[in-house]
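Below: one structure, written as structure tokens.
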2 protein chains.
Amino acid sequence: MATIKDVAKQAGVSVATVSRVLNNNGYVHENTRKLVIEAIGQLSYKPNEVARSLFKKKSRLIGLLLPDIRNPFFPELARGIEDEIQEQGYQLIIGNIDEKYPKEIDYIQTFKQNNVTGIITATNLTGRSHYDNLSSPVVFLDRTFNDHPSVFADGIEGGRIAASELVKRGSKRITILKGPAQLQTAQDRFNGAIAELRAENVDFSVIETSSFSFSDAEMWAKELFGKYPDTDGILASNDVVAAAVMHEALRLGKAIPEDLQLIGFDDIPLSRLLFPPLSTIRQPAYDMGKEAAKLLIRLINKETHFEKNIQMPVMFIERQTTRKVEKNG
Amino acid sequence: MATIKDVAKQAGVSVATVSRVLNNNGYVHENTRKLVIEAIGQLSYKPNEVARSLFKKKSRLIGLLLPDIRNPFFPELARGIEDEIQEQGYQLIIGNIDEKYPKEIDYIQTFKQNNVTGIITATNLTGRSHYDNLSSPVVFLDRTFNDHPSVFADGIEGGRIAASELVKRGSKRITILKGPAQLQTAQDRFNGAIAELRAENVDFSVIETSSFSFSDAEMWAKELFGKYPDTDGILASNDVVAAAVMHEALRLGKAIPEDLQLIGFDDIPLSRLLFPPLSTIRQPAYDMGKEAAKLLIRLINKETHFEKNIQMPVMFIERQTTRKVEKNG
DNA sequence: ATTAAATGTGTAATCGGTTACATATGAGGT
DNA sequence: ACCTCATATGTAACCGATTACACATTTAAT
């Protein structure tokens with residue numbers, strides 16, 4: 001790999017001049033600039049980002065922390081972030097936390113040690129946090145944290161809408177799958193839903209779950225139908241869990257949506273491919289990622305006067321695990 | 001952030017000694033070592049990885065290139081890699097190529113510029129490649145490339161098995177969804193399948209597809225049933241596409257597996273949650289990731305005498321989109 | 001014509017580590 | 001007592017960039 005010295009020699013100038021051309025600052029004579037650019041081309045020189053980063057204490061890397069890369073919701077967030085930051089010449093480092101707090105600490109440390117320019121975190125273990133005395137800006141995605149910059153969807157409203165749609169469509173004995181206690185987003189959905197059900201005076205039961213994973217989801221589904229075999233409306237904690245519930249319901253021979261209505265949460269790509277296609281509360285994951293990236297870049301550029309807490313809309317996506325509501329209902 | 005100089009001052013020694021303690025090399029008196037370790041603790045000093053990397057021309061970062069982070073197969077690979085390399089103190093940078101060649105070039109460049117210690121690539125655009133004159137070792141995952149180190153599953157055998165299982169279970173008019181032409185893995189599956197079908201003298205049709213994405217999968221499914229409405233056995237190019245096909249088949253009122261059998265490819269976590277659960281050819285994604293990581297670490301450590309091309313077994317996972325085979329068949 | 005400001009370029013310090021080399025001391029061998 | 005070698009530690013060069021500062025040359029202004 002050619003270095004800046006090689007380029008300087010080739011162009012017959014000093015390294016300072018090459019650097020000036022590279023960074024487009026300071027004075028450089030037009031002829032000299034051409035010389036340098038030509039030398040760069042001939043040697044196909046690319047600056048060493050590590051050396052740059054050492055001096056500047058800033059890299060072109062942005063760190064992203066995800067709770068679980070296997071949950072399709074998160075790759076979708078990542079895609080949004082990626083598309084946005086690459087336009088600005090940044091690169092993404094993804095750290096997968098696997099819902100484990102020590103991994104989160106490790107990754108934050110790694111990000112620091114590698115001079116990342118900014119961090120976006122979608123992890124959400126309640127309680128302790130290690131984001132306080134970082135030199136690089138942090139955006140909280142799919143969560144909030146004190147009054148730090150954040151992009152999130154309204155989980156409470158989402159839970160409320162889901163419950164309301166289920167009731168509106170005639171479910172009487174509703175079961176809520178309550179997501180992991182340590183995840184704030186899950187609690188929000190749950191709280192929104194029960195608030196609505198209480199207001200509507202509708203009977204409901206709760207199944208507590210402790211993860212969102214594919215492998216465990218089947219377990220909650222079996223538990224649900226074991227305890228509440230005659231439930232006629234289910235609010236799942238997310239779409240993955242909803243898929244498992246639907247699977248179990250169909251296995252038990254229940255008719256969906258006639259005997260049993262089901263609403264998921266997230267609207268992951270797979271949801272429309274289930275059969276019947278899953279009605280769900282959509283979180284605009286890709287756009288949430290984009291917004292978080294935009295917000296982070298504003299913070300990096302030290303811009304001012306912009307909204308630091310962005311709430312994204314959730315919406316009910318009506319597919320076929322819910323019945324049609326009567327027009328005059 | 002404390003630097004090595006601060007530690008040296010605090011411990012009353014030179015930076016060289018601190019560095020020796022840090023790296024566990026050279027001679028350090030036991031008492032001195034304790035002094036240094038204490039100073040490190042007091043200042044909660046963490047070495048700057050960027051400075052390290054600049055001198056050593058090696059970082060603790062390993063680069064991973066994925067074709068499409070939204071396809072659940074790839075996060076699974078990533079998880080396997082992650083678990084393995086983190087034990088060795090490395091960190092993962094994931095680059096998502098989005099099936100676009102220029103992005104691949106960009107990421108390789110970024111990896112180089114950031115001194116990654118090794119690269120694992122699961123991209124698979126046929127033809128040109130830019131992996132030739134890299135200083136860091138490269139492992140090809142879910143693909144091969146000349147005789148470079150690689151970890152892959154036997155796509156041809158997978159295609160063969162899938163076809164064989166379908167025939168064995170009585171499908172007569174088989175349709176194959178042929179995956180994207182530019183992906184070697186897809187071609188292998190296809191070739192394996194048609195070889196088997198020809199050998200068995202079974203009639204088949206082909207639908208050509210040009211992506212594995214959720215959004216396009218529905219399109220291929222509709223095209224399939226439009227052109228070949230009486231097909232009674234489908235080999236899907238992967239599980240995502242299989243999900244879409246199943247969705248469409250059920251929508252059309254076909255009975256699975258009685259009227260129509262279906263076999264996917266990959267065995268992504270969602271496959272067992274479909275209803276009926278999807279029969280598929282399993283690739284051991286997590287383990288493939290682990291193996292690739294092990295292989296890479298061996299290359300990094302310049303070990304010798306180990307297998308450089310690792311073929312992983314594929315196997316038929318019998319679920320409920322295929323009929324039971326008669327015991328005396 | 002004189003001087004201040006703008007332009008153009010190079011030298012060297014710096015970022016935070018690692019390590020080659022120099023130097024010093026003590027132990028063991030003859 | 002003398003030499004060798006292992007042990008212990010410090011000084012300074014180095015990795016590849018950026019930039020403060022110095023210096024030289026134009027250009028513009030009075």
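Residue names in the structure tokens use chain letters A, B, ... in the order shown, residue numbers from 1 in each chain, and ligand numbers from 1 in the order shown.
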
Could you work out which residues of chain A fall inside 10 Å of chain C? Count only C-alpha atoms (C1' of nucleotides), and format the result as a ChimeraX atom specification. /A:13-17,26-29,32,51-57

What residues in chain B lie within 7 Å of chain A, counting only C-alpha atoms, written as a PyMOL selection string? chain B and resi 48-51+54+69-70+72+75-76+93-94+113-114+214+243-244+247+269+273-275

Which chain D residues have any atom within 12 Å of an atom of chain A, and for each, what is the nearest pair of atoms with distance in Å to one decimal, counting only C-alpha atoms (C1' of nucleotides), rows sorted by chain and number, as CSV?
```
residue,atom,partner,partner_atom,distance
D:DC15,C1',A:Ala51,CA,8.0
D:DG16,C1',A:Ala51,CA,5.1
D:DA17,C1',A:Ala51,CA,4.7
D:DT18,C1',A:Phe55,CA,6.6
D:DT19,C1',A:Ala16,CA,8.3
D:DA20,C1',A:Ala16,CA,11.6
```

I'd like the interatomic distance between CA of Gly289 in chain A and CA of Asp142 in chain A, to a tenth of an Å.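 Interatomic distance here is 9.1 Å.
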
What parts of range 108-180 of chain B does DSSP call strand (DSSP E or B)? I'd like the answer as a ChimeraX atom specification. /B:118-121,125,138-141,150-153,173-178

Please list as a list of chain:residue names every residue within 12 Å of Asn146 in chain B, counting only C-alpha atoms (C1' of nucleotides) and excluding residues in the same chain fewer than 2 positions away.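 My reading of the contact set: B:Thr126, B:Gly127, B:Arg128, B:Ser129, B:Tyr131, B:Asp132, B:Val139, B:Phe140, B:Arg143, B:Thr144, B:His148, B:Pro149, B:Ser150, B:Lys308, B:Asn309.
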
So which one's closest to Ile85 in chain A, A:Ile119, A:Ile256, A:Ile62, A:Ile174? Using only C-alpha atoms, please.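 Closest to Ile85 in chain A of all the choices is A:Ile62.
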
Based on DSSP run over this structure's backbone, return all residues of range 50-93 of chain B in helix (DSSP H, G or I), as a PyMOL selection string. chain B and resi 50-56+73-87
